[in-house]
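Worksheet: one structure, shown below.
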Amino acid sequence: MTKPPVLILGARSDMALAAAHAFAAKGHPLQLAARDAARLDAARQDLELRHRVSVTLHDFDVLDLASHAAFLDSLPGLPGVVICAVGAMGDQTESEQDPDLAVAVMRTNYEGPAHVLGLIANRFLARGNGTIVGISSVAGLRGRATNYVYGSAKAGFTAWLSGLRNRLARHGIHVVTVLPGFVATRMTEGMDLPPRLTAQPDEVAQAIVSAVERGRNVIYVRPIWRLIMAIICAIPETMFKRMKL
Amino acid sequence: MKLSGWGAYPRIETELAAPRDEAELAEFLVRGDAVARGNGRAYGDAAIGRRRTLSTRHFAHMLDFDAERGWLTADSGVLLSDVISAFLPRGWFPLVTPGTKYVTLGGMVASDVHGKNHHKDGSFQTCVEWFDLMTPDGRVQRCSRTENSELFFWTFGAMGMTGVVLRVCMRLLPVETGWIRQKSIVAGNLAEAIRVFEDNLDATYSVAWIDCVAKGADLGRSIIMLGEHATIGQIPPDDRHRPLHLPVRGKLSVPFTPPAFCLNRYTLRAFNALYFRMGARKAAKQGGVSLEHWDSYFYPLDSILGWNRIYGRRGFLQYQCVIPLAQAEAGMSELMEATAEAGAGSFLAVLKRFGAQESRISFPMEGYTLALDFPASERNLALIGRLEDIAIAHGGRFYLAKDAHLTAARFRASEPRAEDFARTHRQFHPMMGSALSDRIGL
Ligand SMILES: Cc1cc2nc3c(=O)[nH]c(=O)nc-3n(C[C@H](O)[C@H](O)[C@H](O)COP(=O)(O)OP(=O)(O)OC[C@H]3O[C@@H](n4cnc5c(N)ncnc54)[C@H](O)[C@@H]3O)c2cc1C
Ligand SMILES: NC(=O)c1ccc[n+]([C@@H]2O[C@H](COP(=O)([O-])OP(=O)(O)OC[C@H]3O[C@@H](n4cnc5c(N)ncnc54)[C@H](OP(=O)(O)O)[C@@H]3O)[C@@H](O)[C@H]2O)c1
């Protein structure tokens with residue numbers, strides 16, 4: 001039985017590459033999309049050699065909305081699963097000083113992903129099946145002074161994914177929202193993260209594979225994050241606004 | 001940060017970096033006082049840089065496979081376990097493998113690892129066609145038996161002191177199945193064990209587990225396990241349609257670090273006695289012949305995640321020496337007596353016959369190698385010192401990939417090649433430095 005292709009948006013991310021390996025190991029062909037995709041050639045060769053699946057590379061810029069439809073047309077076929085790992089943390093302080101920078105972060109984490117996934121959702125709908133995986137963030141569950149620009153965009157993306165799931169559930173199309181806590185990737189390199197709360201990219205990848213296979217809706221990767229976020233969300237606003245988090 | 005090897009002893013302060021590409025690696029390397037780190041399976045301090053430790057985990061692409069010859073080219077940070085997962089289903093297995101598959105190709109080169117087939121096939125060096133090495137000046141050189149051959153030969157066994165291996169081209173072994181036909185033989189004492197090894201030099205794989213608690217007439221009683229890659233005809237008919245499809249077995253894990261008192265001389269004694277009895281029972285059935293899954297034959301410990309923590313927080317040390325053939329029996333029996341007398345028996349005591357080997361600074365030589373492990377305690381450190389002296393007195397030397405204890409003086413006493421090694425190091429690569437190289441006085 002041939003496995004459906006998996007399209008990965010933002011494929012250079014460590015999490016995305018780990019997911020690529022996890023799906024390739026199960027025999028899924030891959031479509032890797034990223035800015036300057038040719039730089040993924042060594043990764044493509046590695047994936048093909050290890051897993052004997054076909055891997056294609058595709059240039060993709062999430063901010064270039066006008067190109068999205070043509071990008072989808074250029075794929076070797078409509079994928080069965082799409083994973084969106086595109087995101088940008090930005091620099092909160094710089095975003096505060098320069099609203100244009102803030103907007104770039106918002107567009108990269110929300111507008112762009114929602115635009116391309118919206119197009120894909122409609123194509124899945126026309127076909128009658130498909131799985132959409134969006135990597136959002138726990139940062140979207142409550143805005144904090146230290147990263148609310150990024151957090152607000154992820155909040156928008158999480159809400160959008162939830163609505164999409166609600167819309168498509170009855171049509172056989174599944175939507176997975178991934179809310180990883182900390183993950184050891186390029187994005188967090190050099191940060192001093194608590195090891196117990198920090199997942200490895202492989203863990204996220206395995207969690208995504210099993211969420212896709214079992215049809216899970218919202219996943220947190222390390223379960224402890226569900227608890228942490230429940231507590232953070234339960235703090236009354238009068239207290240929360242004075243806290244340093 | 002503080003870093004340690006697989007034995008969690010010692011723990012040493014170092015700056016750990018994980019460069020993403022060669023340019024970044026070169027930047028770190030030219031600053032000096034650094035060494036590469038693969039998957040941290042060396043037991044002691046070999047993979048801890050004097051100041052900087054350079055992880056190869058982002059150098060992990062497989063690059064090319066020549067299916068005619070079985071030559072794999074891959075980045076140095078690729079794990080042997082991934083090589084097996086990818087190529088065993090295609091009928092290929094590593095020609096030389098250590099007792100854990102969670103090692104990197106770079107680490108296998110630097111330690112010039114040996115397997116249970118050393119007496120027949122030699123060390124890892126045998127199957128390496130070439131590698132690319134970044135020397136501490138940031139230059140990358142292709143090294144093989146014909147190109148930069150001095151650098152090629154000195155790199156095996158040099159524990160990272162020649163630079164950072166970037167890519168390796170290695171030859172794999174064609175196999176028909178993922179099964180090993182094992183024959184277990186009981187030996188009542190050390191002399192008998194050595195006789196069994198000598199009588200079976202044509203077996204592809206051989207290794208003995210020794211009950212190192214037994215004393216007196218039983219000293220050195222052991223189970224010797226011989227092995228051959230099984231052919232299709234030798235495996236059960238039900239498995240013949242998928243002879244190579246044997247994924248890694250499931251894992252148990254040691255969920256927490258147990259207090260050190262769990263592992264005292266009584267539990268050790270019980271464990272050793274039980275293991276011996278189980279082995280003896282196996283040896284008595286069907287002429288001692290059994291079929292083993294590749295993973296349990298080559299990597300029995302890998303199925304217990306985090307087993308290195310059973311020794312508690314203080315960590316543990318490995319002691320592994322090799323004693324030349326002529327003195328092996330005398331040397332080994334002294335080592336075992338000293339161990340049994342100290343009542344410090346180890347869980348894992350492994351005896352193995354090495355074949356002859358030419359090398360600049362690799363560990364193996366023709367003779368017998370013994371590996372023991374001990375929880376880190378004052379008493380055991382003293383015992384290890386005694387064991388080192390015994391091996392030296394019998395012309396033996398030590399495996400630096402396991403070592404955490406050797407002094408510069410003992411290293412020199414054990415190693416006629418130490419001066420050459422130090423000179424080569426000073427000449428070519430004075431800027432490389434690890435906790436190990438400082439300790440043994442390079
Ligand atoms: C359970 C167990 C069983 C073992 N059994 C055996 C056995 O049977 N036979 C055997 O020979 N060994 C055995 N070993 C030891 C192991 O094979 C070696 O220590 C091996 O080098 C570990 O590889 P690593 O990638 O973890 O390297 P590390 O432990 O990270 O490093 C080991 C050495 O290699 C150097 N190094 C690593 N990568 C590079 C690179 N890219 N370029 C240059 N230098 C590099 C380091 O500087 C260091 O000196 C065993 C270890 C364990 C834990
Ligand atoms: N690391 C964490 O702790 C953590 C926690 C929660 C959620 N997340 C989310 O997880 C996802 C993966 O992140 P990561 O940690 O792996 O970090 P990352 O390496 O920074 O990944 C983000 C990816 O987004 C891509 N990207 C950014 N702007 C783009 C654009 N305009 N067009 C196309 N691609 C673009 C980047 O591509 P380039 O390679 O071209 O720059 C990069 O590959 C992100 O959505 C992130 O927000 C991360």
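Letters for chains follow the order of the structure tokens (A, B, ...), residue numbers begin at 1 for each chain, and ligand numbers begin at 1 in the order shown.
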Neighbours of ligand 2 at 9 Å or closer, counting only C-alpha atoms and all ligand atoms: which residues, as a ChimeraX atom specification? /A:9-17,33-37,59-64,84-89,104-105,107-109,112,134-139,150,154,178-189,198-199,201
Residues within 6 Å of ligand 1, counting only C-alpha atoms and all ligand atoms: report them as a VMD selection string. chain B and resid 6 35 to 42 46 to 47 76 98 to 100 103 to 104 106 to 108 110 to 111 113 to 115 159 to 160 163 to 166 401
Select residues of chain A: the criterion is any atom within 8 Å of an atom of chain B, counting only C-alpha atoms; output as a ChimeraX atom specification. /A:42-43,45-46,49-51
May I have the residues within 9 Å of range 143-157 of chain B as a PDB file with all heavy atoms, in the first residue's frame, using only C-alpha atoms and disregarding those fewer than 5 positions away in the same chain?
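Contents of selection.pdb, freshly written:
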```pdb
ATOM      1  N   MET B 108      33.617   6.145  16.286  1.00  0.00           N
ATOM      2  CA  MET B 108      34.150   4.819  15.955  1.00  0.00           C
ATOM      3  C   MET B 108      35.550   4.928  15.347  1.00  0.00           C
ATOM      4  O   MET B 108      36.412   4.091  15.597  1.00  0.00           O
ATOM      5  CB  MET B 108      33.217   4.091  14.978  1.00  0.00           C
ATOM      6  CG  MET B 108      31.879   3.718  15.598  1.00  0.00           C
ATOM      7  SD  MET B 108      30.720   3.057  14.374  1.00  0.00           S
ATOM      8  CE  MET B 108      31.375   1.399  14.139  1.00  0.00           C
ATOM      9  N   VAL B 109      35.755   5.989  14.557  1.00  0.00           N
ATOM     10  CA  VAL B 109      37.085   6.206  13.993  1.00  0.00           C
ATOM     11  C   VAL B 109      38.058   6.595  15.107  1.00  0.00           C
ATOM     12  O   VAL B 109      39.133   6.005  15.253  1.00  0.00           O
ATOM     13  CB  VAL B 109      37.058   7.309  12.911  1.00  0.00           C
ATOM     14  CG1 VAL B 109      38.473   7.709  12.511  1.00  0.00           C
ATOM     15  CG2 VAL B 109      36.272   6.846  11.692  1.00  0.00           C
ATOM     16  N   ALA B 110      37.659   7.589  15.908  1.00  0.00           N
ATOM     17  CA  ALA B 110      38.575   8.142  16.905  1.00  0.00           C
ATOM     18  C   ALA B 110      39.010   7.090  17.922  1.00  0.00           C
ATOM     19  O   ALA B 110      40.138   7.103  18.400  1.00  0.00           O
ATOM     20  CB  ALA B 110      37.930   9.332  17.606  1.00  0.00           C
ATOM     21  N   SER B 111      38.095   6.163  18.278  1.00  0.00           N
ATOM     22  CA  SER B 111      38.459   5.109  19.230  1.00  0.00           C
ATOM     23  C   SER B 111      38.974   3.871  18.503  1.00  0.00           C
ATOM     24  O   SER B 111      39.405   2.922  19.138  1.00  0.00           O
ATOM     25  CB  SER B 111      37.248   4.705  20.081  1.00  0.00           C
ATOM     26  OG  SER B 111      36.774   5.809  20.820  1.00  0.00           O
ATOM     27  N   ASP B 112      38.895   3.867  17.192  1.00  0.00           N
ATOM     28  CA  ASP B 112      39.186   2.677  16.388  1.00  0.00           C
ATOM     29  C   ASP B 112      38.560   1.450  17.056  1.00  0.00           C
ATOM     30  O   ASP B 112      39.253   0.508  17.480  1.00  0.00           O
ATOM     31  CB  ASP B 112      40.687   2.462  16.176  1.00  0.00           C
ATOM     32  CG  ASP B 112      40.952   1.452  15.069  1.00  0.00           C
ATOM     33  OD1 ASP B 112      40.017   1.141  14.307  1.00  0.00           O
ATOM     34  OD2 ASP B 112      42.089   0.953  14.966  1.00  0.00           O
ATOM     35  N   VAL B 113      37.246   1.450  17.123  1.00  0.00           N
ATOM     36  CA  VAL B 113      36.521   0.449  17.908  1.00  0.00           C
ATOM     37  C   VAL B 113      36.736  -0.970  17.394  1.00  0.00           C
ATOM     38  O   VAL B 113      37.050  -1.188  16.219  1.00  0.00           O
ATOM     39  CB  VAL B 113      35.000   0.738  17.930  1.00  0.00           C
ATOM     40  CG1 VAL B 113      34.729   2.068  18.611  1.00  0.00           C
ATOM     41  CG2 VAL B 113      34.415   0.717  16.535  1.00  0.00           C
ATOM     42  N   PHE B 124      37.890  -1.223  13.507  1.00  0.00           N
ATOM     43  CA  PHE B 124      37.071  -0.433  12.569  1.00  0.00           C
ATOM     44  C   PHE B 124      37.873   0.040  11.354  1.00  0.00           C
ATOM     45  O   PHE B 124      37.357   0.120  10.244  1.00  0.00           O
ATOM     46  CB  PHE B 124      36.464   0.760  13.319  1.00  0.00           C
ATOM     47  CG  PHE B 124      35.412   1.494  12.529  1.00  0.00           C
ATOM     48  CD1 PHE B 124      34.337   0.820  11.974  1.00  0.00           C
ATOM     49  CD2 PHE B 124      35.497   2.870  12.324  1.00  0.00           C
ATOM     50  CE1 PHE B 124      33.357   1.490  11.232  1.00  0.00           C
ATOM     51  CE2 PHE B 124      34.532   3.545  11.588  1.00  0.00           C
ATOM     52  CZ  PHE B 124      33.465   2.861  11.042  1.00  0.00           C
ATOM     53  N   GLN B 125      39.151   0.367  11.624  1.00  0.00           N
ATOM     54  CA  GLN B 125      40.058   0.767  10.561  1.00  0.00           C
ATOM     55  C   GLN B 125      39.930  -0.075   9.289  1.00  0.00           C
ATOM     56  O   GLN B 125      39.978   0.443   8.187  1.00  0.00           O
ATOM     57  CB  GLN B 125      41.483   0.606  11.105  1.00  0.00           C
ATOM     58  CG  GLN B 125      42.460   1.547  10.530  1.00  0.00           C
ATOM     59  CD  GLN B 125      43.821   1.402  11.225  1.00  0.00           C
ATOM     60  OE1 GLN B 125      44.789   1.169  10.561  1.00  0.00           O
ATOM     61  NE2 GLN B 125      43.878   1.543  12.543  1.00  0.00           N
ATOM     62  N   VAL B 128      37.253   1.157   6.872  1.00  0.00           N
ATOM     63  CA  VAL B 128      37.160   2.571   6.491  1.00  0.00           C
ATOM     64  C   VAL B 128      38.005   2.792   5.237  1.00  0.00           C
ATOM     65  O   VAL B 128      39.202   2.532   5.226  1.00  0.00           O
ATOM     66  CB  VAL B 128      37.639   3.491   7.630  1.00  0.00           C
ATOM     67  CG1 VAL B 128      37.652   4.942   7.166  1.00  0.00           C
ATOM     68  CG2 VAL B 128      36.742   3.315   8.844  1.00  0.00           C
ATOM     69  N   GLU B 129      37.361   3.271   4.171  1.00  0.00           N
ATOM     70  CA  GLU B 129      38.073   3.539   2.920  1.00  0.00           C
ATOM     71  C   GLU B 129      38.773   4.887   2.995  1.00  0.00           C
ATOM     72  O   GLU B 129      39.916   5.020   2.588  1.00  0.00           O
ATOM     73  CB  GLU B 129      37.100   3.530   1.744  1.00  0.00           C
ATOM     74  CG  GLU B 129      36.519   2.149   1.445  1.00  0.00           C
ATOM     75  CD  GLU B 129      37.613   1.147   1.059  1.00  0.00           C
ATOM     76  OE1 GLU B 129      38.588   1.558   0.395  1.00  0.00           O
ATOM     77  OE2 GLU B 129      37.493  -0.028   1.452  1.00  0.00           O
ATOM     78  N   TRP B 130      38.061   5.885   3.483  1.00  0.00           N
ATOM     79  CA  TRP B 130      38.655   7.220   3.648  1.00  0.00           C
ATOM     80  C   TRP B 130      37.799   8.011   4.607  1.00  0.00           C
ATOM     81  O   TRP B 130      36.665   7.621   4.902  1.00  0.00           O
ATOM     82  CB  TRP B 130      38.782   7.954   2.303  1.00  0.00           C
ATOM     83  CG  TRP B 130      37.510   8.085   1.501  1.00  0.00           C
ATOM     84  CD1 TRP B 130      37.113   7.306   0.450  1.00  0.00           C
ATOM     85  CD2 TRP B 130      36.454   9.060   1.677  1.00  0.00           C
ATOM     86  NE1 TRP B 130      35.892   7.715  -0.043  1.00  0.00           N
ATOM     87  CE2 TRP B 130      35.469   8.798   0.684  1.00  0.00           C
ATOM     88  CE3 TRP B 130      36.243  10.122   2.555  1.00  0.00           C
ATOM     89  CZ2 TRP B 130      34.294   9.544   0.566  1.00  0.00           C
ATOM     90  CZ3 TRP B 130      35.071  10.874   2.437  1.00  0.00           C
ATOM     91  CH2 TRP B 130      34.116  10.586   1.448  1.00  0.00           C
ATOM     92  N   PHE B 131      38.335   9.110   5.098  1.00  0.00           N
ATOM     93  CA  PHE B 131      37.506  10.091   5.809  1.00  0.00           C
ATOM     94  C   PHE B 131      38.029  11.486   5.509  1.00  0.00           C
ATOM     95  O   PHE B 131      39.170  11.651   5.055  1.00  0.00           O
ATOM     96  CB  PHE B 131      37.482   9.820   7.323  1.00  0.00           C
ATOM     97  CG  PHE B 131      38.822   9.730   7.990  1.00  0.00           C
ATOM     98  CD1 PHE B 131      39.589  10.867   8.251  1.00  0.00           C
ATOM     99  CD2 PHE B 131      39.345   8.485   8.356  1.00  0.00           C
ATOM    100  CE1 PHE B 131      40.826  10.779   8.863  1.00  0.00           C
ATOM    101  CE2 PHE B 131      40.596   8.385   8.960  1.00  0.00           C
ATOM    102  CZ  PHE B 131      41.331   9.530   9.213  1.00  0.00           C
ATOM    103  N   ASP B 132      37.170  12.474   5.708  1.00  0.00           N
ATOM    104  CA  ASP B 132      37.589  13.866   5.605  1.00  0.00           C
ATOM    105  C   ASP B 132      37.801  14.373   7.022  1.00  0.00           C
ATOM    106  O   ASP B 132      36.950  14.166   7.894  1.00  0.00           O
ATOM    107  CB  ASP B 132      36.515  14.713   4.908  1.00  0.00           C
ATOM    108  CG  ASP B 132      36.488  14.462   3.407  1.00  0.00           C
ATOM    109  OD1 ASP B 132      37.488  13.973   2.862  1.00  0.00           O
ATOM    110  OD2 ASP B 132      35.440  14.753   2.785  1.00  0.00           O
ATOM    111  N   LEU B 133      38.944  15.029   7.219  1.00  0.00           N
ATOM    112  CA  LEU B 133      39.302  15.494   8.551  1.00  0.00           C
ATOM    113  C   LEU B 133      39.492  17.007   8.533  1.00  0.00           C
ATOM    114  O   LEU B 133      40.180  17.533   7.647  1.00  0.00           O
ATOM    115  CB  LEU B 133      40.615  14.828   8.975  1.00  0.00           C
ATOM    116  CG  LEU B 133      41.151  15.164  10.368  1.00  0.00           C
ATOM    117  CD1 LEU B 133      40.339  14.425  11.433  1.00  0.00           C
ATOM    118  CD2 LEU B 133      42.632  14.787  10.491  1.00  0.00           C
ATOM    119  N   THR B 162      43.648  14.460  16.398  1.00  0.00           N
ATOM    120  CA  THR B 162      44.155  14.942  15.116  1.00  0.00           C
ATOM    121  C   THR B 162      43.233  15.973  14.481  1.00  0.00           C
ATOM    122  O   THR B 162      43.579  16.576  13.482  1.00  0.00           O
ATOM    123  CB  THR B 162      44.347  13.796  14.107  1.00  0.00           C
ATOM    124  OG1 THR B 162      43.079  13.153  13.917  1.00  0.00           O
ATOM    125  CG2 THR B 162      45.355  12.772  14.612  1.00  0.00           C
ATOM    126  N   GLY B 163      42.044  16.161  15.038  1.00  0.00           N
ATOM    127  CA  GLY B 163      41.088  17.099  14.465  1.00  0.00           C
ATOM    128  C   GLY B 163      39.687  16.529  14.526  1.00  0.00           C
ATOM    129  O   GLY B 163      39.415  15.638  15.334  1.00  0.00           O
ATOM    130  N   VAL B 165      36.770  14.594  12.481  1.00  0.00           N
ATOM    131  CA  VAL B 165      36.375  13.818  11.315  1.00  0.00           C
ATOM    132  C   VAL B 165      35.018  14.344  10.848  1.00  0.00           C
ATOM    133  O   VAL B 165      34.094  14.493  11.651  1.00  0.00           O
ATOM    134  CB  VAL B 165      36.262  12.315  11.673  1.00  0.00           C
ATOM    135  CG1 VAL B 165      35.720  11.526  10.491  1.00  0.00           C
ATOM    136  CG2 VAL B 165      37.606  11.779  12.124  1.00  0.00           C
ATOM    137  N   SER B 359      48.955  -0.807  14.106  1.00  0.00           N
ATOM    138  CA  SER B 359      48.330   0.510  14.234  1.00  0.00           C
ATOM    139  C   SER B 359      49.316   1.494  14.820  1.00  0.00           C
ATOM    140  O   SER B 359      50.329   1.105  15.403  1.00  0.00           O
ATOM    141  CB  SER B 359      47.102   0.440  15.139  1.00  0.00           C
ATOM    142  OG  SER B 359      47.499   0.228  16.485  1.00  0.00           O
ATOM    143  N   ARG B 360      49.026   2.781  14.668  1.00  0.00           N
ATOM    144  CA  ARG B 360      49.865   3.794  15.295  1.00  0.00           C
ATOM    145  C   ARG B 360      49.577   3.855  16.801  1.00  0.00           C
ATOM    146  O   ARG B 360      50.485   3.801  17.597  1.00  0.00           O
ATOM    147  CB  ARG B 360      49.592   5.179  14.680  1.00  0.00           C
ATOM    148  CG  ARG B 360      49.958   5.305  13.229  1.00  0.00           C
ATOM    149  CD  ARG B 360      51.467   5.222  13.007  1.00  0.00           C
ATOM    150  NE  ARG B 360      51.811   5.558  11.627  1.00  0.00           N
ATOM    151  CZ  ARG B 360      51.739   4.719  10.604  1.00  0.00           C
ATOM    152  NH1 ARG B 360      51.378   3.470  10.809  1.00  0.00           N
ATOM    153  NH2 ARG B 360      52.026   5.114   9.376  1.00  0.00           N
ATOM    154  N   ILE B 361      48.290   3.995  17.138  1.00  0.00           N
ATOM    155  CA  ILE B 361      47.997   4.198  18.546  1.00  0.00           C
ATOM    156  C   ILE B 361      46.673   3.531  18.971  1.00  0.00           C
ATOM    157  O   ILE B 361      46.133   3.797  20.034  1.00  0.00           O
ATOM    158  CB  ILE B 361      48.036   5.723  18.888  1.00  0.00           C
ATOM    159  CG1 ILE B 361      48.113   5.994  20.390  1.00  0.00           C
ATOM    160  CG2 ILE B 361      46.882   6.472  18.232  1.00  0.00           C
ATOM    161  CD1 ILE B 361      49.361   5.514  21.069  1.00  0.00           C
ATOM    162  N   SER B 362      46.156   2.622  18.137  1.00  0.00           N
ATOM    163  CA  SER B 362      44.912   1.938  18.495  1.00  0.00           C
ATOM    164  C   SER B 362      45.145   1.017  19.682  1.00  0.00           C
ATOM    165  O   SER B 362      46.267   0.583  19.939  1.00  0.00           O
ATOM    166  CB  SER B 362      44.399   1.105  17.320  1.00  0.00           C
ATOM    167  OG  SER B 362      44.136   1.938  16.227  1.00  0.00           O
ATOM    168  N   PHE B 363      44.061   0.705  20.345  1.00  0.00           N
ATOM    169  CA  PHE B 363      44.135  -0.128  21.534  1.00  0.00           C
ATOM    170  C   PHE B 363      44.453  -1.606  21.271  1.00  0.00           C
ATOM    171  O   PHE B 363      45.335  -2.184  21.919  1.00  0.00           O
ATOM    172  CB  PHE B 363      42.817   0.034  22.299  1.00  0.00           C
ATOM    173  CG  PHE B 363      42.555  -0.989  23.354  1.00  0.00           C
ATOM    174  CD1 PHE B 363      43.402  -1.100  24.456  1.00  0.00           C
ATOM    175  CD2 PHE B 363      41.460  -1.838  23.269  1.00  0.00           C
ATOM    176  CE1 PHE B 363      43.154  -2.040  25.446  1.00  0.00           C
ATOM    177  CE2 PHE B 363      41.214  -2.777  24.254  1.00  0.00           C
ATOM    178  CZ  PHE B 363      42.060  -2.892  25.339  1.00  0.00           C
ATOM    179  N   LEU B 400      41.561   3.743  25.918  1.00  0.00           N
ATOM    180  CA  LEU B 400      41.306   5.123  26.341  1.00  0.00           C
ATOM    181  C   LEU B 400      39.827   5.503  26.234  1.00  0.00           C
ATOM    182  O   LEU B 400      39.363   6.400  26.933  1.00  0.00           O
ATOM    183  CB  LEU B 400      42.172   6.087  25.520  1.00  0.00           C
ATOM    184  CG  LEU B 400      43.686   5.887  25.678  1.00  0.00           C
ATOM    185  CD1 LEU B 400      44.448   6.859  24.782  1.00  0.00           C
ATOM    186  CD2 LEU B 400      44.115   6.044  27.140  1.00  0.00           C
ATOM    187  N   ALA B 401      39.084   4.827  25.371  1.00  0.00           N
ATOM    188  CA  ALA B 401      37.659   5.146  25.243  1.00  0.00           C
ATOM    189  C   ALA B 401      36.887   4.751  26.502  1.00  0.00           C
ATOM    190  O   ALA B 401      35.777   5.220  26.731  1.00  0.00           O
ATOM    191  CB  ALA B 401      37.058   4.437  24.025  1.00  0.00           C
ATOM    192  N   PHE B 421      53.227   9.252  20.086  1.00  0.00           N
ATOM    193  CA  PHE B 421      51.898   9.853  20.089  1.00  0.00           C
ATOM    194  C   PHE B 421      52.008  11.314  20.519  1.00  0.00           C
ATOM    195  O   PHE B 421      51.485  12.215  19.858  1.00  0.00           O
ATOM    196  CB  PHE B 421      50.983   9.064  21.041  1.00  0.00           C
ATOM    197  CG  PHE B 421      49.535   9.455  21.018  1.00  0.00           C
ATOM    198  CD1 PHE B 421      48.976  10.149  19.951  1.00  0.00           C
ATOM    199  CD2 PHE B 421      48.704   9.101  22.080  1.00  0.00           C
ATOM    200  CE1 PHE B 421      47.623  10.495  19.938  1.00  0.00           C
ATOM    201  CE2 PHE B 421      47.356   9.433  22.076  1.00  0.00           C
ATOM    202  CZ  PHE B 421      46.819  10.137  21.011  1.00  0.00           C
ATOM    203  N   THR B 424      53.758  13.354  17.787  1.00  0.00           N
ATOM    204  CA  THR B 424      52.853  13.609  16.670  1.00  0.00           C
ATOM    205  C   THR B 424      51.835  14.677  17.051  1.00  0.00           C
ATOM    206  O   THR B 424      51.537  15.585  16.280  1.00  0.00           O
ATOM    207  CB  THR B 424      52.086  12.319  16.304  1.00  0.00           C
ATOM    208  OG1 THR B 424      53.033  11.289  16.129  1.00  0.00           O
ATOM    209  CG2 THR B 424      51.286  12.493  15.046  1.00  0.00           C
TER     210      THR B 424
END
```
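CA of His229 in chain B to CA of Trp294 in chain B spans 8.9 Å [interatomic distance, one decimal].
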Please identify all polymer residues within 9 Å of Arg52 in chain A, counting only C-alpha atoms, omitting same-chain residues fewer than 2 positions from it, and present them as a list in words.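 Counting only the stated atoms, we get Ala24, Ala25, Gly27, Pro29, Leu47, Glu48, Leu49, Arg50 and Ser54 of chain A; Ala86 of chain B.
With only C-alpha atoms as the atoms that count, the residue of B:Thr56, B:Arg195, B:Gly250, B:Ala67 with the shortest distance to Arg167 in chain B is B:Thr56.
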Which residues in range 152-200 of chain A does DSSP call alpha helix (DSSP H)? List them as a PyMOL selection string. chain A and resi 152-168
Do a neighbour search on Gly288 in chain B at 7 Å with only C-alpha atoms, toss out local chain neighbours closer than 4 positions, and write the hits as a PDB file with C-alpha atoms, in the first residue's frame.
```
ATOM      1  CA  LYS B 183      26.773 -21.340  20.291  1.00  0.00           C
ATOM      2  CA  SER B 184      27.224 -21.078  24.049  1.00  0.00           C
ATOM      3  CA  ILE B 185      29.971 -22.988  25.776  1.00  0.00           C
ATOM      4  CA  LYS B 282      21.352 -22.387  27.473  1.00  0.00           C
ATOM      5  CA  ALA B 283      24.643 -24.121  26.720  1.00  0.00           C
ATOM      6  CA  ALA B 284      23.100 -27.455  27.714  1.00  0.00           C
TER       7      ALA B 284
END
```
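The interatomic distance for the pair CA of Ala413 in chain B and CA of Ala342 in chain B works out to 24.3 Å.
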